[in-house]
>>> print(open('entry.cif').read())   # mmCIF, C-alpha atoms and all ligand atoms
data_run
loop_
_atom_site.label_atom_id
_atom_site.label_comp_id
_atom_site.auth_asym_id
_atom_site.auth_seq_id
_atom_site.Cartn_x
_atom_site.Cartn_y
_atom_site.Cartn_z
CA ALA A 1 0.00 0.00 0.00
CA LYS A 2 1.19 3.54 -0.75
CA GLU A 3 2.20 5.86 2.09
CA PRO A 4 -0.42 8.59 2.61
CA VAL A 5 0.28 12.02 1.13
CA ARG A 6 -0.31 14.88 3.57
CA PHE A 7 -2.30 17.82 2.19
CA LEU A 8 -2.54 21.12 4.04
CA VAL A 9 -5.56 23.33 3.32
CA THR A 10 -5.54 26.70 5.08
CA GLY A 11 -8.78 28.62 5.42
CA ALA A 12 -10.41 25.19 5.48
CA ALA A 13 -13.52 26.46 7.28
CA GLY A 14 -14.24 28.87 4.42
CA GLN A 15 -16.20 28.46 1.21
CA ILE A 16 -13.45 27.15 -1.05
CA GLY A 17 -12.17 24.93 1.74
CA TYR A 18 -15.59 23.33 2.09
CA ALA A 19 -15.61 22.45 -1.61
CA LEU A 20 -11.95 21.44 -1.74
CA VAL A 21 -11.46 19.07 1.19
CA PRO A 22 -13.96 16.46 -0.02
CA MET A 23 -12.32 16.50 -3.46
CA ILE A 24 -8.95 15.78 -1.88
CA ALA A 25 -10.42 13.10 0.38
CA ARG A 26 -12.02 11.39 -2.64
CA GLY A 27 -8.70 11.15 -4.43
CA VAL A 28 -9.57 13.65 -7.15
CA ILE A 29 -5.99 14.96 -7.23
CA LEU A 30 -3.70 11.95 -7.07
CA GLY A 31 -6.09 9.16 -7.98
CA PRO A 32 -8.08 6.37 -6.32
CA ASP A 33 -5.09 4.39 -5.04
CA GLN A 34 -3.34 7.21 -3.19
CA PRO A 35 -4.29 7.50 0.52
CA VAL A 36 -4.30 11.01 1.96
CA ILE A 37 -4.13 12.74 5.33
CA LEU A 38 -5.79 16.15 5.53
CA HIS A 39 -4.34 18.99 7.61
CA MET A 40 -6.83 21.83 7.98
CA LEU A 41 -5.90 25.23 9.39
CA ASP A 42 -8.14 28.14 10.23
CA ILE A 43 -8.13 30.97 12.77
CA PRO A 44 -9.66 30.79 16.28
CA PRO A 45 -12.98 32.54 15.40
CA ALA A 46 -13.55 29.75 12.85
CA ALA A 47 -12.40 26.88 15.09
CA GLU A 48 -15.89 25.57 15.77
CA ALA A 49 -16.86 25.66 12.10
CA LEU A 50 -13.58 23.93 11.27
CA ASN A 51 -14.44 21.18 13.71
CA GLY A 52 -17.80 20.84 11.97
CA VAL A 53 -16.00 20.24 8.67
CA LYS A 54 -13.90 17.58 10.37
CA MET A 55 -17.10 15.92 11.67
CA GLU A 56 -18.48 15.82 8.12
CA LEU A 57 -15.25 14.31 6.80
CA VAL A 58 -15.62 11.54 9.37
CA ASP A 59 -19.30 11.11 8.45
CA ALA A 60 -18.50 10.80 4.75
CA ALA A 61 -16.37 7.69 5.50
CA PHE A 62 -13.94 8.37 2.65
CA PRO A 63 -11.96 5.16 2.11
CA LEU A 64 -8.78 7.02 1.09
CA LEU A 65 -8.79 9.42 4.04
CA LYS A 66 -6.37 8.08 6.64
CA GLY A 67 -6.42 10.98 9.06
CA VAL A 68 -7.58 14.54 9.70
CA VAL A 69 -5.75 17.25 11.62
CA ALA A 70 -8.00 20.26 12.29
CA THR A 71 -6.16 23.04 14.09
CA THR A 72 -5.64 26.74 14.62
CA ASP A 73 -1.93 26.18 15.26
CA VAL A 74 0.11 26.99 12.18
CA ILE A 75 3.04 24.78 13.18
CA GLU A 76 0.87 21.75 13.86
CA ALA A 77 -0.88 22.38 10.54
CA CYS A 78 2.36 22.57 8.54
CA THR A 79 4.19 19.65 10.12
CA GLY A 80 5.08 16.96 7.62
CA VAL A 81 2.89 18.24 4.78
CA ASN A 82 3.78 17.28 1.20
CA ILE A 83 1.36 19.61 -0.55
CA ALA A 84 0.12 22.92 0.84
CA ILE A 85 -2.91 24.67 -0.65
CA LEU A 86 -3.14 28.10 0.94
CA VAL A 87 -6.70 29.38 0.72
CA GLY A 88 -6.83 31.33 3.98
CA GLY A 89 -6.28 35.04 3.90
CA PHE A 90 -7.65 38.40 4.85
CA PRO A 91 -10.45 39.54 2.52
CA ARG A 92 -10.87 43.12 1.41
CA LYS A 93 -13.83 44.60 3.22
CA GLU A 94 -15.80 47.64 2.16
CA GLY A 95 -14.00 50.87 2.85
CA MET A 96 -10.61 49.22 3.44
CA GLU A 97 -7.51 50.63 1.80
CA ARG A 98 -5.53 48.32 -0.46
CA LYS A 99 -2.50 48.88 1.69
CA ASP A 100 -4.32 47.71 4.83
CA VAL A 101 -5.45 44.48 3.16
CA MET A 102 -1.96 43.93 1.77
CA SER A 103 -0.42 44.48 5.15
CA LYS A 104 -2.68 41.86 6.80
CA ASN A 105 -1.87 39.32 4.11
CA VAL A 106 1.84 40.06 4.20
CA SER A 107 1.92 39.22 7.89
CA ILE A 108 -0.13 36.02 7.38
CA TYR A 109 2.08 34.82 4.50
CA LYS A 110 5.26 35.72 6.31
CA SER A 111 4.34 33.56 9.29
CA GLN A 112 3.07 30.67 7.16
CA ALA A 113 6.30 30.85 5.13
CA SER A 114 8.45 30.26 8.16
CA ALA A 115 6.19 27.50 9.51
CA LEU A 116 6.31 25.68 6.16
CA GLU A 117 10.02 26.19 5.80
CA LYS A 118 10.73 24.71 9.22
CA HIS A 119 8.08 22.00 9.47
CA ALA A 120 6.81 20.85 6.07
CA ALA A 121 8.16 17.70 4.39
CA ALA A 122 11.19 18.11 2.16
CA ASN A 123 10.22 19.16 -1.37
CA CYS A 124 6.77 20.35 -0.25
CA LYS A 125 4.82 21.90 -3.14
CA VAL A 126 2.89 25.09 -2.38
CA LEU A 127 -0.13 26.54 -4.18
CA VAL A 128 -1.41 29.95 -3.07
CA VAL A 129 -5.09 30.57 -3.81
CA ALA A 130 -5.84 33.46 -1.44
CA ASN A 131 -5.79 36.94 -2.93
CA PRO A 132 -3.72 38.80 -3.86
CA ALA A 133 -2.55 35.33 -4.92
CA ASN A 134 0.57 36.21 -6.93
CA THR A 135 1.90 38.63 -4.34
CA ASN A 136 1.05 36.38 -1.39
CA ALA A 137 3.09 33.67 -3.13
CA LEU A 138 5.95 36.10 -3.63
CA ILE A 139 5.97 37.01 0.06
CA LEU A 140 5.95 33.33 0.92
CA LYS A 141 8.92 32.76 -1.36
CA GLU A 142 10.85 35.65 0.19
CA PHE A 143 10.29 34.44 3.74
CA ALA A 144 10.93 30.76 3.05
CA PRO A 145 14.33 31.01 1.38
CA SER A 146 15.08 27.32 1.83
CA ILE A 147 11.99 26.25 -0.11
CA PRO A 148 13.08 26.12 -3.76
CA GLU A 149 11.33 28.81 -5.81
CA LYS A 150 10.13 26.16 -8.24
CA ASN A 151 7.98 24.76 -5.40
CA ILE A 152 5.98 27.98 -4.89
CA THR A 153 3.10 28.74 -7.25
CA CYS A 154 -0.22 30.56 -7.35
CA LEU A 155 -3.58 29.69 -8.87
CA THR A 156 -4.51 31.04 -12.29
CA ARG A 157 -5.91 27.71 -13.46
CA LEU A 158 -9.42 28.91 -12.65
CA ASP A 159 -8.95 31.76 -15.14
CA HIS A 160 -7.46 29.28 -17.63
CA ASN A 161 -10.45 26.96 -17.23
CA ARG A 162 -12.84 29.92 -17.56
CA ALA A 163 -11.18 30.78 -20.88
CA LEU A 164 -11.57 27.17 -22.10
CA GLY A 165 -15.21 27.30 -21.00
CA GLN A 166 -15.94 30.51 -22.92
CA ILE A 167 -14.44 29.15 -26.14
CA SER A 168 -16.33 25.88 -25.76
CA GLU A 169 -19.63 27.73 -25.24
CA ARG A 170 -19.02 30.06 -28.15
CA LEU A 171 -18.17 27.25 -30.62
CA ASN A 172 -20.55 24.74 -29.11
CA VAL A 173 -17.76 22.16 -28.74
CA GLN A 174 -16.72 19.99 -25.80
CA VAL A 175 -14.50 21.85 -23.36
CA SER A 176 -12.15 18.85 -23.37
CA ASP A 177 -11.52 19.45 -27.08
CA VAL A 178 -10.23 23.00 -26.45
CA LYS A 179 -6.63 23.48 -25.31
CA ASN A 180 -3.64 25.77 -25.01
CA VAL A 181 -5.27 29.01 -24.01
CA ILE A 182 -2.91 31.08 -21.84
CA ILE A 183 -3.47 33.29 -18.82
CA TRP A 184 -0.63 35.78 -18.57
CA GLY A 185 0.17 37.78 -15.46
CA ASN A 186 -1.79 38.60 -12.37
CA HIS A 187 -4.85 36.78 -11.04
CA SER A 188 -6.76 40.07 -11.22
CA SER A 189 -8.69 42.00 -13.81
CA THR A 190 -5.45 42.94 -15.60
CA GLN A 191 -4.74 39.30 -16.46
CA TYR A 192 -4.49 38.61 -20.19
CA PRO A 193 -6.41 35.60 -21.49
CA ASP A 194 -4.65 34.82 -24.79
CA VAL A 195 -6.17 32.56 -27.48
CA ASN A 196 -3.54 33.12 -30.15
CA HIS A 197 -2.12 29.61 -29.76
CA ALA A 198 -5.27 27.82 -28.65
CA THR A 199 -6.73 25.00 -30.70
CA VAL A 200 -9.86 22.88 -30.94
CA LYS A 201 -9.95 19.20 -31.81
CA THR A 202 -12.29 18.68 -34.78
CA PRO A 203 -13.11 15.62 -36.90
CA SER A 204 -10.64 16.98 -39.48
CA GLY A 205 -7.79 17.57 -37.01
CA GLU A 206 -6.74 20.36 -34.66
CA LYS A 207 -7.76 23.85 -35.75
CA PRO A 208 -6.71 27.23 -34.35
CA VAL A 209 -9.37 28.97 -32.28
CA ARG A 210 -8.65 32.12 -34.32
CA GLU A 211 -9.74 30.25 -37.47
CA LEU A 212 -12.90 28.77 -35.98
CA VAL A 213 -14.02 31.95 -34.23
CA SER A 214 -13.67 34.34 -37.12
CA ASP A 215 -15.05 37.19 -35.01
CA ASP A 216 -11.84 39.02 -34.00
CA ALA A 217 -13.80 41.76 -32.30
CA TRP A 218 -15.22 39.18 -29.89
CA LEU A 219 -11.87 37.47 -29.29
CA ASN A 220 -10.06 40.77 -28.69
CA GLY A 221 -12.86 42.33 -26.68
CA GLU A 222 -15.76 40.61 -24.98
CA PHE A 223 -13.98 37.27 -24.59
CA ILE A 224 -11.12 38.90 -22.68
CA THR A 225 -13.31 41.04 -20.45
CA THR A 226 -15.69 38.14 -19.73
CA VAL A 227 -12.80 36.02 -18.44
CA GLN A 228 -11.27 38.95 -16.54
CA GLN A 229 -14.61 39.85 -14.91
CA ARG A 230 -15.97 36.34 -14.37
CA GLY A 231 -15.29 36.40 -10.64
CA ALA A 232 -17.42 39.53 -10.25
CA ALA A 233 -20.20 38.00 -12.40
CA ILE A 234 -20.31 34.95 -10.11
CA ILE A 235 -20.54 37.16 -7.02
CA LYS A 236 -23.39 39.09 -8.61
CA ALA A 237 -25.29 35.90 -9.43
CA ARG A 238 -24.55 33.81 -6.35
CA LYS A 239 -23.98 36.54 -3.77
CA PHE A 240 -20.87 34.57 -2.85
CA SER A 241 -17.60 34.32 -4.71
CA SER A 242 -16.64 31.31 -6.82
CA ALA A 243 -15.95 28.27 -4.70
CA LEU A 244 -16.58 24.98 -6.48
CA SER A 245 -14.80 26.14 -9.64
CA ALA A 246 -11.90 27.50 -7.58
CA ALA A 247 -11.60 24.22 -5.65
CA SER A 248 -11.81 22.11 -8.80
CA SER A 249 -9.20 24.24 -10.57
CA ALA A 250 -6.86 23.99 -7.56
CA CYS A 251 -7.13 20.20 -7.91
CA ASP A 252 -6.31 20.48 -11.64
CA HIS A 253 -3.29 22.64 -10.83
CA ILE A 254 -1.81 20.18 -8.33
CA ARG A 255 -2.67 17.06 -10.35
CA ASP A 256 -0.98 18.35 -13.49
CA TRP A 257 2.01 19.63 -11.52
CA VAL A 258 2.58 16.28 -9.77
CA LEU A 259 1.45 13.81 -12.44
CA GLY A 260 2.39 15.84 -15.53
CA THR A 261 0.59 17.55 -18.40
CA THR A 262 -0.50 15.64 -21.51
CA GLU A 263 1.89 15.69 -24.46
CA GLY A 264 1.12 18.72 -26.65
CA THR A 265 -0.89 20.49 -23.96
CA TRP A 266 0.07 23.29 -21.64
CA VAL A 267 -1.69 24.89 -18.67
CA SER A 268 -1.40 28.24 -16.89
CA MET A 269 0.33 28.54 -13.52
CA GLY A 270 1.54 31.51 -11.52
CA VAL A 271 5.29 30.85 -11.16
CA TYR A 272 8.47 32.72 -10.33
CA SER A 273 9.51 34.64 -13.42
CA ASP A 274 12.97 34.02 -14.83
CA GLY A 275 12.58 36.82 -17.37
CA SER A 276 10.94 34.65 -20.07
CA TYR A 277 8.94 36.71 -22.60
CA ASN A 278 10.59 39.83 -21.18
CA VAL A 279 8.48 39.64 -18.05
CA PRO A 280 10.53 41.16 -15.22
CA ALA A 281 12.32 38.46 -13.23
CA GLY A 282 11.36 38.24 -9.58
CA LEU A 283 7.59 38.45 -9.96
CA ILE A 284 5.15 35.57 -9.54
CA TYR A 285 3.52 35.79 -12.96
CA SER A 286 1.18 33.41 -14.78
CA PHE A 287 2.79 31.69 -17.76
CA PRO A 288 1.98 28.74 -20.02
CA VAL A 289 3.76 25.73 -18.52
CA THR A 290 4.19 22.03 -19.12
CA CYS A 291 4.89 19.68 -16.21
CA ARG A 292 6.94 16.53 -16.02
CA ASN A 293 8.40 14.55 -13.12
CA GLY A 294 6.83 16.96 -10.65
CA GLU A 295 8.39 20.08 -12.17
CA TRP A 296 6.92 22.86 -14.28
CA LYS A 297 8.67 24.48 -17.22
CA ILE A 298 7.65 27.68 -18.97
CA VAL A 299 6.70 27.02 -22.61
CA GLN A 300 9.24 28.90 -24.72
CA GLY A 301 9.22 30.45 -28.16
CA LEU A 302 5.56 31.43 -28.56
CA SER A 303 5.02 34.44 -30.79
CA ILE A 304 3.70 37.53 -29.03
CA ASP A 305 2.04 40.13 -31.24
CA GLU A 306 1.87 43.82 -30.46
CA PHE A 307 -1.62 43.64 -28.96
CA SER A 308 -0.52 40.86 -26.62
CA ARG A 309 2.77 42.58 -25.73
CA LYS A 310 0.93 45.58 -24.31
CA LYS A 311 -1.29 43.33 -22.23
CA LEU A 312 1.64 41.26 -20.91
CA ASP A 313 3.36 44.49 -19.88
CA LEU A 314 0.29 46.04 -18.28
CA THR A 315 -0.31 43.11 -15.95
CA ALA A 316 3.43 42.94 -15.14
CA GLU A 317 3.31 46.61 -14.15
CA GLU A 318 0.44 45.92 -11.79
CA LEU A 319 2.40 43.07 -10.22
CA SER A 320 5.48 45.27 -9.77
CA GLU A 321 3.29 47.83 -8.00
CA GLU A 322 1.79 45.15 -5.76
CA LYS A 323 5.30 43.97 -4.98
CA SER A 324 6.36 47.47 -3.91
CA LEU A 325 3.21 47.85 -1.85
CA ALA A 326 3.89 44.52 -0.14
CA TYR A 327 7.49 45.52 0.60
CA SER A 328 6.34 48.85 1.99
CA CYS A 329 4.20 46.88 4.46
CA LEU A 330 7.29 45.12 5.77
CA SER A 331 8.99 48.20 7.11
P1 LIG B 1 -13.80 32.58 2.88
O1 LIG B 1 -13.81 33.91 3.54
O2 LIG B 1 -15.04 31.80 2.77
O3 LIG B 1 -12.73 31.64 3.60
C1 LIG B 1 -11.46 32.08 3.98
C2 LIG B 1 -11.10 31.34 5.24
O4 LIG B 1 -9.76 31.69 5.59
C3 LIG B 1 -11.97 31.72 6.45
O5 LIG B 1 -12.47 30.54 7.06
C4 LIG B 1 -10.98 32.46 7.35
O6 LIG B 1 -11.29 32.30 8.73
C5 LIG B 1 -9.68 31.80 6.98
N1 LIG B 1 -8.49 32.53 7.37
C6 LIG B 1 -8.30 33.87 7.48
N2 LIG B 1 -7.06 34.15 7.92
C7 LIG B 1 -6.43 32.95 8.06
C8 LIG B 1 -5.14 32.59 8.50
N3 LIG B 1 -4.26 33.50 8.86
N4 LIG B 1 -4.84 31.27 8.53
C9 LIG B 1 -5.73 30.34 8.19
N5 LIG B 1 -6.99 30.63 7.79
C10 LIG B 1 -7.32 31.92 7.72
O7 LIG B 1 -13.16 32.82 1.44
P2 LIG B 1 -13.17 31.87 0.16
O8 LIG B 1 -14.33 32.21 -0.68
O9 LIG B 1 -12.98 30.47 0.59
O10 LIG B 1 -11.88 32.41 -0.62
C11 LIG B 1 -10.60 32.24 -0.09
C12 LIG B 1 -9.58 33.05 -0.84
O11 LIG B 1 -9.48 32.63 -2.19
C13 LIG B 1 -9.87 34.54 -0.89
O12 LIG B 1 -8.68 35.25 -0.64
C14 LIG B 1 -10.31 34.75 -2.32
O13 LIG B 1 -10.11 36.08 -2.74
C15 LIG B 1 -9.43 33.77 -3.04
N6 LIG B 1 -9.83 33.35 -4.39
C16 LIG B 1 -8.85 33.11 -5.29
C17 LIG B 1 -9.10 32.59 -6.54
C18 LIG B 1 -7.99 32.29 -7.48
O14 LIG B 1 -8.29 31.88 -8.61
N7 LIG B 1 -6.72 32.46 -7.15
C19 LIG B 1 -10.49 32.38 -7.01
C20 LIG B 1 -11.47 32.23 -5.89
C21 LIG B 1 -11.23 33.14 -4.70
O15 LIG B 1 -11.81 34.39 -4.97
#
>>> encode(input="entry.cif", output="structure tokens")
Amino acid sequence: AKEPVRFLVTGAAGQIGYALVPMIARGVILGPDQPVILHMLDIPPAAEALNGVKMELVDAAFPLLKGVVATTDVIEACTGVNIAILVGGFPRKEGMERKDVMSKNVSIYKSQASALEKHAAANCKVLVVANPANTNALILKEFAPSIPEKNITCLTRLDHNRALGQISERLNVQVSDVKNVIIWGNHSSTQYPDVNHATVKTPSGEKPVRELVSDDAWLNGEFITTVQQRGAAIIKARKFSSALSAASSACDHIRDWVLGTTEGTWVSMGVYSDGSYNVPAGLIYSFPVTCRNGEWKIVQGLSIDEFSRKKLDLTAEELSEEKSLAYSCLS
């Protein structure tokens, strides 16, 4: 029998946590023959709710679930974990300044960075979901210098999946036949959903999305804004922010990272920039990546037209500003 893999989910008493933990316990990420142990962290005001989630995990009698740690102690939560999905954070409330929200999250991510660095399993993989996701991941990287930068990522797979979904709806094709969209940059409304290299599987072979959707005005306009604004549209409709789609996309992110992407297919991940595509090095920026043997690699050599270049730069500028804001919170 395989040794259990330990998953940490922070903010586990929240909305995304409630959708995510049963997916993990069912083996959605690593498959039906991989036992798991769940570590769930939340803050003291949510301790009772967190315990309720633990009770439900027991009640669901998941065969793969070999243990549950539900705690408000960050060290206990981080000890021995192989995969950390960081969903907990401080939300922006009405009337709050950006700097105040940033400052709260900087202090949360700083303390979780040192707990993970000291107590997680060697080679622990980290996925930051909580907003501002890219910058929270950057802070984590800065304050966990012994965790290799290749092990620290943030979630833009939800945006990637949203882009696949929009193309599939527009062309009335299966979403599984659409691939190789790209989300560039920040998980925010400046992100750039790029279809220039995306294709659709058709009975007569793979065809570029640009050829099948001949409406350039839609691809360069409404498609982009729909993906960028989808989070707000969900809030408007549901009165709560996206949760099941965020949880499912987090599972996709980890599964592809650990088990690898399919030949000929890439996905979007927020990763530490090495300067590829002239994106400033030292930002956590979403790129197209392929994964193999548990490591991601930025897809190289894609052509970037002038329209795209501006959008790649714009979202990089926003991330540089967020980075400065985060650093100003440290002093
Ligand atoms: P909720 O407010 O429902 O849950 C957040 C949970 O985190 C709460 O239970 C809270 O008590 C807990 N928490 C707060 N501080 C903590 C700390 N220091 N340690 C541990 N837990 C802590 O929010 P939810 O809807 O679940 O969203 C969670 C985060 O995901 C938010 O930051 C949200 O903005 C972000 N999102 C990111 C997405 C992405 O694609 N990257 C998409 C979905 C989502 O909007």
>>> closest_residue(input="entry.cif", among="A:Val9, A:Val279, A:Ala316, A:Val175", to="ligand LIG 1 (chain B)", atoms="all atoms listed in the file")
A:Val9
>>> atom_distance(input="entry.cif", atom1="CA of Met96 (chain A)", atom2="CA of Val227 (chain A)")
25.6 Å
>>> residues_near_ligand(input="entry.cif", ligand="ligand LIG 1 (chain B)", cutoff="7 Å", atoms="all atoms listed in the file", output="ChimeraX atom specification")
/A:10-17,41-43,45-46,87-91,108,129-133,154-159,187,231,241-243,246
>>> residues_around(input="entry.cif", residues="region 23-27 of chain A", least_positions_apart="6", cutoff="12 Å", atoms="all atoms listed in the file", output="MDAnalysis selection string")
chainID A and resid 4:9 16:17 33:40 54 56:58 60:68 83:85 244:252 254:255
>>> write_last_selection(input="entry.cif", atoms="C-alpha atoms", output="PDB file, in the coordinates of the input")
ATOM      1  CA  PRO A   4      -0.420   8.590   2.610  1.00  0.00           C
ATOM      2  CA  VAL A   5       0.280  12.020   1.130  1.00  0.00           C
ATOM      3  CA  ARG A   6      -0.310  14.880   3.570  1.00  0.00           C
ATOM      4  CA  PHE A   7      -2.300  17.820   2.190  1.00  0.00           C
ATOM      5  CA  LEU A   8      -2.540  21.120   4.040  1.00  0.00           C
ATOM      6  CA  VAL A   9      -5.560  23.330   3.320  1.00  0.00           C
ATOM      7  CA  ILE A  16     -13.450  27.150  -1.050  1.00  0.00           C
ATOM      8  CA  GLY A  17     -12.170  24.930   1.740  1.00  0.00           C
ATOM      9  CA  ASP A  33      -5.090   4.390  -5.040  1.00  0.00           C
ATOM     10  CA  GLN A  34      -3.340   7.210  -3.190  1.00  0.00           C
ATOM     11  CA  PRO A  35      -4.290   7.500   0.520  1.00  0.00           C
ATOM     12  CA  VAL A  36      -4.300  11.010   1.960  1.00  0.00           C
ATOM     13  CA  ILE A  37      -4.130  12.740   5.330  1.00  0.00           C
ATOM     14  CA  LEU A  38      -5.790  16.150   5.530  1.00  0.00           C
ATOM     15  CA  HIS A  39      -4.340  18.990   7.610  1.00  0.00           C
ATOM     16  CA  MET A  40      -6.830  21.830   7.980  1.00  0.00           C
ATOM     17  CA  LYS A  54     -13.900  17.580  10.370  1.00  0.00           C
ATOM     18  CA  GLU A  56     -18.480  15.820   8.120  1.00  0.00           C
ATOM     19  CA  LEU A  57     -15.250  14.310   6.800  1.00  0.00           C
ATOM     20  CA  VAL A  58     -15.620  11.540   9.370  1.00  0.00           C
ATOM     21  CA  ALA A  60     -18.500  10.800   4.750  1.00  0.00           C
ATOM     22  CA  ALA A  61     -16.370   7.690   5.500  1.00  0.00           C
ATOM     23  CA  PHE A  62     -13.940   8.370   2.650  1.00  0.00           C
ATOM     24  CA  PRO A  63     -11.960   5.160   2.110  1.00  0.00           C
ATOM     25  CA  LEU A  64      -8.780   7.020   1.090  1.00  0.00           C
ATOM     26  CA  LEU A  65      -8.790   9.420   4.040  1.00  0.00           C
ATOM     27  CA  LYS A  66      -6.370   8.080   6.640  1.00  0.00           C
ATOM     28  CA  GLY A  67      -6.420  10.980   9.060  1.00  0.00           C
ATOM     29  CA  VAL A  68      -7.580  14.540   9.700  1.00  0.00           C
ATOM     30  CA  ILE A  83       1.360  19.610  -0.550  1.00  0.00           C
ATOM     31  CA  ALA A  84       0.120  22.920   0.840  1.00  0.00           C
ATOM     32  CA  ILE A  85      -2.910  24.670  -0.650  1.00  0.00           C
ATOM     33  CA  LEU A 244     -16.580  24.980  -6.480  1.00  0.00           C
ATOM     34  CA  SER A 245     -14.800  26.140  -9.640  1.00  0.00           C
ATOM     35  CA  ALA A 246     -11.900  27.500  -7.580  1.00  0.00           C
ATOM     36  CA  ALA A 247     -11.600  24.220  -5.650  1.00  0.00           C
ATOM     37  CA  SER A 248     -11.810  22.110  -8.800  1.00  0.00           C
ATOM     38  CA  SER A 249      -9.200  24.240 -10.570  1.00  0.00           C
ATOM     39  CA  ALA A 250      -6.860  23.990  -7.560  1.00  0.00           C
ATOM     40  CA  CYS A 251      -7.130  20.200  -7.910  1.00  0.00           C
ATOM     41  CA  ASP A 252      -6.310  20.480 -11.640  1.00  0.00           C
ATOM     42  CA  ILE A 254      -1.810  20.180  -8.330  1.00  0.00           C
ATOM     43  CA  ARG A 255      -2.670  17.060 -10.350  1.00  0.00           C
TER      44      ARG A 255
END
>>> atom_distance(input="entry.cif", atom1="CA of Ala144 (chain A)", atom2="CA of Thr261 (chain A)")
27.2 Å
>>> atom_distance(input="entry.cif", atom1="CA of Lys118 (chain A)", atom2="CA of Met269 (chain A)")
25.3 Å
>>> residues_near_point(input="entry.cif", point="(2.9, 20.4, -7.7)", cutoff="9 Å", atoms="all atoms listed in the file", output="PyMOL selection string")
chain A and resi 83+124-127+151-153+253-259+291+294-296
>>> closest_residue(input="entry.cif", among="A:Leu164, A:Leu140, A:Val267, A:Val195", to="Asp216 (chain A)", atoms="only C-alpha atoms")
A:Val195
>>> closest_residue(input="entry.cif", among="A:Asn196, A:Ser303, A:Asn105, A:Thr135", to="Val271 (chain A)", atoms="only C-alpha atoms")
A:Thr135
>>> residues_around(input="entry.cif", residues="Ile183 (chain A)", least_positions_apart="4", cutoff="6 Å", atoms="only C-alpha atoms", output="JSON, numbers by chain")
{"A": [160, 192, 193, 268]}
>>> write_last_selection(input="entry.cif", atoms="C-alpha atoms", output="PDB file, in the frame of the given file")
ATOM      1  CA  HIS A 160      -7.460  29.280 -17.630  1.00  0.00           C
ATOM      2  CA  TYR A 192      -4.490  38.610 -20.190  1.00  0.00           C
ATOM      3  CA  PRO A 193      -6.410  35.600 -21.490  1.00  0.00           C
ATOM      4  CA  SER A 268      -1.400  28.240 -16.890  1.00  0.00           C
TER       5      SER A 268
END
>>> closest_residue(input="entry.cif", among="A:Thr226, A:Gly185, A:Thr199, A:Lys236", to="Leu319 (chain A)", atoms="all atoms listed in the file")
A:Gly185
>>> build_atoms(input="entry.cif", residues="region 1-13 of chain A", atoms="N, CA and C atoms", output="PDB file, keeping the file's coordinate frame")
ATOM      1  N   ALA A   1       0.853  -1.210   0.000  1.00  0.00           N
ATOM      2  CA  ALA A   1       0.000   0.000   0.000  1.00  0.00           C
ATOM      3  C   ALA A   1       0.881   1.250   0.000  1.00  0.00           C
ATOM      4  N   LYS A   2       0.427   2.289  -0.700  1.00  0.00           N
ATOM      5  CA  LYS A   2       1.190   3.540  -0.750  1.00  0.00           C
ATOM      6  C   LYS A   2       1.115   4.262   0.581  1.00  0.00           C
ATOM      7  N   GLU A   3       2.202   4.967   0.923  1.00  0.00           N
ATOM      8  CA  GLU A   3       2.200   5.860   2.090  1.00  0.00           C
ATOM      9  C   GLU A   3       1.221   7.005   1.834  1.00  0.00           C
ATOM     10  N   PRO A   4       0.479   7.450   2.850  1.00  0.00           N
ATOM     11  CA  PRO A   4      -0.420   8.590   2.610  1.00  0.00           C
ATOM     12  C   PRO A   4       0.350   9.872   2.272  1.00  0.00           C
ATOM     13  N   VAL A   5      -0.237  10.687   1.424  1.00  0.00           N
ATOM     14  CA  VAL A   5       0.280  12.020   1.130  1.00  0.00           C
ATOM     15  C   VAL A   5      -0.461  13.003   2.035  1.00  0.00           C
ATOM     16  N   ARG A   6       0.318  13.897   2.677  1.00  0.00           N
ATOM     17  CA  ARG A   6      -0.310  14.880   3.570  1.00  0.00           C
ATOM     18  C   ARG A   6      -0.598  16.177   2.837  1.00  0.00           C
ATOM     19  N   PHE A   7      -1.862  16.564   2.817  1.00  0.00           N
ATOM     20  CA  PHE A   7      -2.300  17.820   2.190  1.00  0.00           C
ATOM     21  C   PHE A   7      -2.650  18.823   3.278  1.00  0.00           C
ATOM     22  N   LEU A   8      -2.099  20.018   3.174  1.00  0.00           N
ATOM     23  CA  LEU A   8      -2.540  21.120   4.040  1.00  0.00           C
ATOM     24  C   LEU A   8      -3.518  21.994   3.254  1.00  0.00           C
ATOM     25  N   VAL A   9      -4.649  22.320   3.875  1.00  0.00           N
ATOM     26  CA  VAL A   9      -5.560  23.330   3.320  1.00  0.00           C
ATOM     27  C   VAL A   9      -5.735  24.390   4.393  1.00  0.00           C
ATOM     28  N   THR A  10      -5.294  25.615   4.116  1.00  0.00           N
ATOM     29  CA  THR A  10      -5.540  26.700   5.080  1.00  0.00           C
ATOM     30  C   THR A  10      -6.854  27.370   4.706  1.00  0.00           C
ATOM     31  N   GLY A  11      -7.467  28.024   5.676  1.00  0.00           N
ATOM     32  CA  GLY A  11      -8.780  28.620   5.420  1.00  0.00           C
ATOM     33  C   GLY A  11      -9.818  27.537   5.162  1.00  0.00           C
ATOM     34  N   ALA A  12      -9.599  26.375   5.796  1.00  0.00           N
ATOM     35  CA  ALA A  12     -10.410  25.190   5.480  1.00  0.00           C
ATOM     36  C   ALA A  12     -11.857  25.324   5.950  1.00  0.00           C
ATOM     37  N   ALA A  13     -12.134  26.262   6.852  1.00  0.00           N
ATOM     38  CA  ALA A  13     -13.520  26.460   7.280  1.00  0.00           C
ATOM     39  C   ALA A  13     -14.278  27.378   6.336  1.00  0.00           C
TER      40      ALA A  13
END
